[in-house]
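A.B. asks: Sending over structure.json (JSON, C-alpha atoms).
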[["chain", "number", "residue", "atom", "x", "y", "z"],
["S", 1, "GLY", "CA", 56.09, 42.95, -47.67],
["S", 2, "PRO", "CA", 55.27, 40.04, -45.37],
["S", 3, "GLY", "CA", 53.04, 42.07, -43.02],
["S", 4, "GLU", "CA", 49.50, 43.37, -43.63],
["S", 5, "ARG", "CA", 48.87, 47.07, -43.01],
["S", 6, "LEU", "CA", 45.60, 48.96, -43.01],
["S", 7, "ARG", "CA", 45.36, 50.86, -46.28],
["S", 8, "LEU", "CA", 42.87, 53.69, -46.86],
["S", 9, "ASP", "CA", 42.35, 55.48, -50.16],
["S", 10, "LEU", "CA", 39.27, 57.56, -50.98],
["S", 11, "THR", "CA", 40.41, 58.31, -54.52],
["S", 12, "SER", "CA", 40.83, 54.82, -56.01],
["S", 13, "PHE", "CA", 39.09, 51.59, -55.04],
["S", 14, "ASP", "CA", 37.26, 48.52, -56.21],
["S", 15, "CYS", "CA", 33.60, 47.72, -55.49],
["S", 16, "PHE", "CA", 34.26, 46.05, -52.14],
["S", 17, "LEU", "CA", 36.39, 48.91, -50.78],
["S", 18, "PHE", "CA", 33.84, 51.44, -52.03],
["S", 19, "VAL", "CA", 31.07, 49.81, -49.99],
["S", 20, "GLU", "CA", 33.24, 49.17, -46.95],
["S", 21, "GLN", "CA", 34.71, 52.67, -46.74],
["S", 22, "LEU", "CA", 31.44, 54.49, -47.40],
["S", 23, "LEU", "CA", 29.73, 52.45, -44.69],
["S", 24, "ALA", "CA", 32.58, 53.29, -42.31],
["S", 25, "LEU", "CA", 32.36, 57.00, -43.14],
["S", 26, "VAL", "CA", 28.68, 57.08, -42.16],
["S", 27, "HIS", "CA", 29.60, 55.78, -38.71],
["S", 28, "SER", "CA", 32.66, 57.99, -38.12],
["S", 29, "ARG", "CA", 33.02, 61.49, -36.70],
["S", 30, "ASN", "CA", 36.66, 62.08, -37.72],
["S", 31, "ALA", "CA", 39.58, 60.54, -39.60],
["S", 32, "ASP", "CA", 40.83, 58.47, -36.67],
["S", 33, "ALA", "CA", 37.38, 57.01, -36.06],
["S", 34, "PHE", "CA", 37.08, 56.26, -39.78],
["S", 35, "ALA", "CA", 40.35, 54.32, -39.81],
["S", 36, "GLN", "CA", 39.33, 52.38, -36.72],
["S", 37, "GLN", "CA", 35.92, 51.59, -38.18],
["S", 38, "VAL", "CA", 37.38, 50.29, -41.45],
["S", 39, "GLN", "CA", 39.78, 48.11, -39.50],
["S", 40, "GLN", "CA", 36.86, 46.60, -37.56],
["S", 41, "LEU", "CA", 34.94, 45.94, -40.77],
["S", 42, "ARG", "CA", 37.85, 44.54, -42.73],
["S", 43, "TYR", "CA", 39.56, 42.16, -40.30],
["S", 44, "ALA", "CA", 38.64, 39.43, -37.85],
["S", 45, "ASP", "CA", 38.93, 40.88, -34.33],
["S", 46, "GLY", "CA", 39.92, 44.20, -35.92],
["S", 47, "GLN", "CA", 43.57, 43.14, -36.26],
["S", 48, "PRO", "CA", 45.29, 43.74, -39.63],
["S", 49, "ASP", "CA", 46.33, 40.37, -40.98],
["S", 50, "TYR", "CA", 45.96, 39.06, -44.52],
["S", 51, "CYS", "CA", 44.69, 35.69, -43.41],
["S", 52, "GLY", "CA", 42.24, 37.33, -41.00],
["S", 53, "ARG", "CA", 40.86, 39.69, -43.61],
["S", 54, "HIS", "CA", 37.23, 39.14, -44.65],
["S", 55, "HIS", "CA", 37.99, 38.39, -48.29],
["S", 56, "TYR", "CA", 34.60, 36.88, -49.13],
["S", 57, "PHE", "CA", 31.51, 39.08, -49.09],
["S", 58, "THR", "CA", 29.32, 36.61, -47.20],
["S", 59, "ILE", "CA", 31.81, 36.42, -44.33],
["S", 60, "TRP", "CA", 32.32, 40.20, -44.39],
["S", 61, "ALA", "CA", 28.54, 40.73, -44.27],
["S", 62, "ARG", "CA", 28.21, 38.37, -41.32],
["S", 63, "ASN", "CA", 30.83, 40.37, -39.42],
["S", 64, "VAL", "CA", 29.26, 43.74, -40.27],
["S", 65, "GLU", "CA", 25.85, 42.48, -39.17],
["S", 66, "ARG", "CA", 27.38, 41.26, -35.90],
["S", 67, "LEU", "CA", 28.79, 44.77, -35.38],
["S", 68, "GLY", "CA", 25.25, 46.14, -35.73],
["S", 69, "LEU", "CA", 25.82, 48.22, -38.85],
["S", 70, "VAL", "CA", 23.58, 46.31, -41.26],
["S", 71, "LYS", "CA", 20.81, 43.73, -41.39],
["S", 72, "ASN", "CA", 20.82, 41.01, -44.04],
["S", 73, "ILE", "CA", 17.26, 41.15, -45.39],
["S", 74, "SER", "CA", 17.81, 38.71, -48.27],
["S", 75, "ALA", "CA", 15.87, 35.84, -46.73],
["S", 76, "SER", "CA", 12.80, 38.02, -46.08],
["S", 77, "LEU", "CA", 12.43, 39.23, -49.67],
["S", 78, "PRO", "CA", 9.79, 37.72, -52.01],
["S", 79, "GLY", "CA", 11.09, 34.72, -53.93],
["S", 80, "ALA", "CA", 14.24, 34.34, -51.81],
["S", 81, "THR", "CA", 16.10, 31.07, -51.62],
["S", 82, "SER", "CA", 19.38, 29.91, -50.10],
["S", 83, "ARG", "CA", 22.34, 27.68, -50.87],
["S", 84, "GLU", "CA", 25.41, 26.26, -49.22],
["S", 85, "ARG", "CA", 28.58, 27.44, -50.87],
["S", 86, "ARG", "CA", 32.11, 26.15, -50.46],
["S", 87, "LEU", "CA", 34.57, 29.03, -50.73],
["S", 88, "THR", "CA", 37.85, 27.98, -52.32],
["S", 89, "PHE", "CA", 38.54, 30.57, -55.00],
["S", 90, "MET", "CA", 41.59, 32.17, -53.42],
["S", 91, "SER", "CA", 43.42, 28.92, -52.73],
["S", 92, "SER", "CA", 42.44, 27.66, -56.20],
["S", 93, "HIS", "CA", 43.68, 30.85, -57.92],
["S", 94, "PRO", "CA", 46.67, 32.01, -55.83],
["S", 95, "ASN", "CA", 48.30, 33.81, -58.77],
["S", 96, "SER", "CA", 45.36, 36.25, -58.84],
["S", 97, "TYR", "CA", 46.40, 37.71, -55.47],
["S", 98, "ARG", "CA", 49.79, 39.36, -55.00],
["S", 99, "PRO", "CA", 50.00, 38.69, -51.24],
["S", 100, "MET", "CA", 49.58, 34.97, -51.97],
["S", 101, "ARG", "CA", 53.17, 35.03, -53.23],
["S", 102, "GLN", "CA", 54.14, 35.08, -49.56],
["S", 103, "PRO", "CA", 54.38, 31.46, -48.33],
["S", 104, "ARG", "CA", 52.71, 32.29, -45.01],
["S", 105, "ALA", "CA", 49.68, 33.89, -46.67],
["S", 106, "ARG", "CA", 49.31, 31.08, -49.19],
["S", 107, "GLN", "CA", 49.57, 28.38, -46.54],
["S", 108, "CYS", "CA", 47.17, 30.17, -44.18],
["S", 109, "ILE", "CA", 44.49, 30.84, -46.82],
["S", 110, "THR", "CA", 44.73, 27.29, -48.13],
["S", 111, "GLN", "CA", 44.23, 25.92, -44.61],
["S", 112, "LEU", "CA", 41.38, 28.35, -43.93],
["S", 113, "GLU", "CA", 39.51, 27.33, -47.07],
["S", 114, "LYS", "CA", 39.93, 23.63, -46.49],
["S", 115, "ASP", "CA", 36.51, 23.43, -44.80],
["S", 116, "LEU", "CA", 35.09, 26.91, -45.52],
["S", 117, "VAL", "CA", 31.37, 26.52, -46.24],
["S", 118, "VAL", "CA", 28.76, 29.29, -45.88],
["S", 119, "ARG", "CA", 24.99, 29.46, -46.22],
["S", 120, "GLN", "CA", 23.96, 32.27, -48.52],
["S", 121, "SER", "CA", 20.44, 33.72, -48.86],
["S", 122, "TYR", "CA", 19.60, 35.52, -52.10],
["S", 123, "VAL", "CA", 16.86, 36.45, -54.55],
["S", 124, "PRO", "CA", 17.24, 34.58, -57.87],
["S", 125, "LEU", "CA", 17.34, 36.75, -60.98],
["S", 126, "GLY", "CA", 13.94, 35.45, -62.08],
["S", 127, "ALA", "CA", 12.35, 36.74, -58.87],
["S", 128, "LEU", "CA", 14.25, 40.02, -58.63],
["S", 129, "ALA", "CA", 11.67, 42.15, -60.44],
["S", 130, "GLY", "CA", 9.04, 41.00, -57.94],
["S", 131, "ALA", "CA", 11.27, 41.86, -54.99],
["S", 132, "ALA", "CA", 12.52, 45.21, -56.32],
["S", 133, "GLY", "CA", 9.64, 47.16, -54.79],
["S", 134, "ASN", "CA", 10.92, 46.22, -51.33],
["S", 135, "LEU", "CA", 14.34, 47.76, -51.95],
["S", 136, "ARG", "CA", 15.31, 51.34, -51.16],
["S", 137, "SER", "CA", 18.11, 53.87, -51.45],
["S", 138, "GLY", "CA", 21.15, 52.94, -49.42],
["S", 139, "ASP", "CA", 20.61, 49.19, -49.53],
["S", 140, "ILE", "CA", 23.79, 47.26, -50.29],
["S", 141, "PHE", "CA", 23.52, 44.76, -53.12],
["S", 142, "ALA", "CA", 25.81, 41.80, -53.78],
["S", 143, "LEU", "CA", 25.72, 39.91, -57.07],
["S", 144, "VAL", "CA", 25.61, 36.19, -56.30],
["S", 145, "THR", "CA", 27.65, 34.13, -58.73],
["S", 146, "SER", "CA", 27.80, 30.64, -60.20],
["S", 147, "VAL", "CA", 31.62, 30.82, -60.47],
["S", 148, "ASP", "CA", 33.03, 27.81, -58.65],
["S", 149, "GLY", "CA", 34.44, 28.60, -55.23],
["S", 150, "LEU", "CA", 32.98, 32.13, -55.06],
["S", 151, "ASP", "CA", 29.91, 33.62, -53.40],
["S", 152, "VAL", "CA", 29.77, 37.14, -54.85],
["S", 153, "THR", "CA", 31.50, 38.88, -57.75],
["S", 154, "HIS", "CA", 30.36, 42.51, -57.35],
["S", 155, "THR", "CA", 28.75, 44.82, -54.82],
["S", 156, "GLY", "CA", 27.47, 48.38, -54.50],
["S", 157, "PHE", "CA", 24.60, 50.53, -53.29],
["S", 158, "LEU", "CA", 21.06, 50.94, -54.55],
["S", 159, "GLU", "CA", 19.50, 54.29, -55.43],
["S", 160, "ARG", "CA", 15.75, 54.69, -55.72],
["S", 161, "SER", "CA", 14.23, 57.58, -57.64],
["S", 162, "GLY", "CA", 10.47, 57.14, -57.78],
["S", 163, "ASN", "CA", 9.81, 53.84, -59.51],
["S", 164, "HIS", "CA", 13.37, 53.65, -60.82],
["S", 165, "LEU", "CA", 15.97, 51.53, -59.02],
["S", 166, "ASN", "CA", 19.60, 52.08, -60.00],
["S", 167, "ALA", "CA", 22.99, 50.73, -58.93],
["S", 168, "ILE", "CA", 25.86, 52.91, -57.71],
["S", 169, "HIS", "CA", 29.09, 50.97, -57.71],
["S", 170, "ALA", "CA", 32.80, 51.22, -58.44],
["S", 171, "ALA", "CA", 35.52, 49.46, -60.38],
["S", 172, "PRO", "CA", 39.30, 49.93, -60.63],
["S", 173, "LYS", "CA", 40.30, 52.53, -63.25],
["S", 174, "ARG", "CA", 36.63, 53.36, -63.87],
["S", 175, "GLY", "CA", 35.74, 55.02, -60.58],
["S", 176, "VAL", "CA", 32.21, 55.33, -59.24],
["S", 177, "MET", "CA", 29.41, 54.81, -61.75],
["S", 178, "ARG", "CA", 25.64, 54.65, -61.91],
["S", 179, "SER", "CA", 23.93, 51.79, -63.78],
["S", 180, "GLN", "CA", 20.30, 52.49, -64.64],
["S", 181, "ASP", "CA", 17.62, 49.84, -63.99],
["S", 182, "PHE", "CA", 19.17, 47.59, -61.37],
["S", 183, "VAL", "CA", 17.13, 44.51, -62.32],
["S", 184, "ARG", "CA", 18.29, 44.70, -65.92],
["S", 185, "TYR", "CA", 21.84, 45.54, -64.89],
["S", 186, "ALA", "CA", 22.10, 42.53, -62.54],
["S", 187, "ALA", "CA", 20.85, 40.21, -65.29],
["S", 188, "SER", "CA", 23.47, 41.55, -67.68],
["S", 189, "VAL", "CA", 26.48, 40.60, -65.53],
["S", 190, "GLU", "CA", 28.13, 37.33, -66.49],
["S", 191, "ASP", "CA", 27.63, 34.31, -64.21],
["S", 192, "VAL", "CA", 25.21, 36.13, -61.86],
["S", 193, "VAL", "CA", 22.38, 33.94, -60.52],
["S", 194, "GLY", "CA", 20.81, 36.32, -58.02],
["S", 195, "VAL", "CA", 21.23, 39.14, -55.53],
["S", 196, "SER", "CA", 21.78, 39.41, -51.77],
["S", 197, "ILE", "CA", 20.71, 42.59, -49.95],
["S", 198, "LEU", "CA", 22.05, 44.19, -46.77],
["S", 199, "ARG", "CA", 20.16, 47.11, -45.23],
["S", 200, "PRO", "CA", 22.38, 49.57, -43.32],
["S", 201, "ARG", "CA", 21.20, 50.65, -39.90],
["S", 202, "ALA", "CA", 21.08, 54.37, -39.11],
["S", 203, "ALA", "CA", 24.18, 55.78, -37.44],
["S", 204, "ALA", "CA", 23.83, 56.89, -33.85],
["S", 205, "PRO", "CA", 23.51, 60.72, -33.55],
["S", 206, "GLY", "CA", 26.97, 61.04, -32.02],
["S", 207, "GLN", "CA", 28.54, 59.22, -34.98],
["S", 208, "ARG", "CA", 27.28, 61.58, -37.68]]
Output the file's structure in the form of structure tokens.
C.D. replies:
Amino acid sequence: GPGERLRLDLTSFDCFLFVEQLLALVHSRNADAFAQQVQQLRYADGQPDYCGRHHYFTIWARNVERLGLVKNISASLPGATSRERRLTFMSSHPNSYRPMRQPRARQCITQLEKDLVVRQSYVPLGALAGAAGNLRSGDIFALVTSVDGLDVTHTGFLERSGNHLNAIHAAPKRGVMRSQDFVRYAASVEDVVGVSILRPRAAAPGQR
């Protein structure tokens, strides 16, 4: 339909929803608080609207950091660099998004992306092995891409077991999975040039 509604599903999700909903669960005491938290993470000003949804990871991360739930530690990691990225993928590929069939959504996203440029800090793949020792369980990773108009193509959580660093992530129709050796895994994904890292902040005692 023409209107955006908050949708919650803990049985089927993509990588972005997996990260978003798990982060919201950590900061929620009950189902109502969980729904409210997701809405705050997902939309500008917490108001369900397709055009106001944080579709790009870099913009979503900026909002979540502003809410005090994470800290973007990418720039502080060994070997880190940064780039300016123009985000135009949605307006350039409208047929990839069902809501973009609605004229209002298509027009709004196209206008929004007309001058949408972000600065993105990340660790290049060649420096990732040197930075891996600074990463820990619960860190959120985002795979930075060279695909034109995009900032990130995949996201998930890190899991450390001794000297081993793994990825826990999700994909439609595949569910949640664990990929051993995060550094090797990141290098194996097509078009990935590096990794951004968000470190979640501990939930307040009353939120657990």
A.B. asks: S:Thr58: which residues within 8 Å, counting all atoms listed in the file, same-chain residues fewer than 2 positions away excluded, as a ChimeraX atom specification?
C.D. replies: /S:56,60-62,118,120,151-152
A.B. asks: Residues around (35.8, 26.5, -52.8), cut-off 7 Å, counting all atoms listed in the file - what are they as a list in words?
C.D. replies: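 Here is the list of nearby residues: Arg86, Leu87, Thr88, Phe89, Glu113, Asp148, Gly149 and Leu150 of chain S.
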A.B. asks: Please determine, counting all atoms listed in the file, which residue among S:Ser137, S:Gly52, S:Arg199, S:Gly126 has the shortest atom-to-atom distance to S:Val183.
C.D. replies: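 Using all atoms listed in the file, S:Val183 sits closest to S:Gly126.
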A.B. asks: Counting all atoms listed in the file, which residue out of S:Gly162, S:Ile59, S:Thr155, S:Leu69 sits closest to S:Val26?
C.D. replies: S:Leu69
A.B. asks: Quick check, in Å to one decimal: how far apart do atom CA of S:Asp49 and atom CA of S:Tyr122 lie?
C.D. replies: 29.4 Å
A.B. asks: Which residue gives the smallest distance to S:Gly3 among S:Val117, S:Val19, S:Val38, S:Ala105, with all atoms listed in the file counted?
C.D. replies: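 Comparing S:Val117, S:Val19, S:Val38, S:Ala105 against S:Gly3, the winner is S:Ala105.
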A.B. asks: My list of candidates is S:Ile140, S:Val70, S:Val192, S:Gly175. Which is closest to S:Pro124 when distances are computed with only C-alpha atoms?
C.D. replies: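 Smallest separation from S:Pro124 among the options: S:Val192.
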A.B. asks: Counting only C-alpha atoms, figure out which residue out of S:Gly138, S:Ala35, S:Thr11, S:Gly79 gets nearest to S:Arg201.
C.D. replies: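 Closest candidate: S:Gly138.
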A.B. asks: Compute the distance from (32.0, 61.7, -39.8) to each atom, counting all atoms listed in the file, keep the residues with any atom at most 6 Å away, and return them as a VMD selection string; use the coordinates of the file.
C.D. replies: chain S and resid 25 28 to 30 208
A.B. asks: Name all residues at most 6 Å from S:Ile73 (count all atoms listed in the file; drop same-chain ones fewer than 2 positions away) and give them as JSON, numbers by chain.
C.D. replies: {"S": [71, 75, 76, 197, 198]}
A.B. asks: Tell me which of S:Gly68, S:Asp14, S:Asp191, S:Ala127 sits closest to S:Val147, counting all atoms listed in the file.
C.D. replies: S:Asp191
A.B. asks: Quick one: what's the axis-aligned box for stretch 10-24 of chain S, all listed atoms, 3 Å on every side, centre and edges in Å to one decimal, as lines of an AutoDock Vina configuration file?
C.D. replies:
center_x = 35.3
center_y = 52.2
center_z = -49.3
size_x = 17.1
size_y = 18.3
size_z = 19.9
A.B. asks: Please measure the separation of atom CA of S:Ser82 and atom CA of S:Leu41, giving the value in Å to one decimal.
C.D. replies: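 Taking atom CA of S:Ser82 as the start and atom CA of S:Leu41 as the end point, the length is 24.2 Å.
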A.B. asks: To one decimal place in Å, what is the distance between atom CA of S:Ser179 and atom CA of S:Gln39?
C.D. replies: 29.2 Å
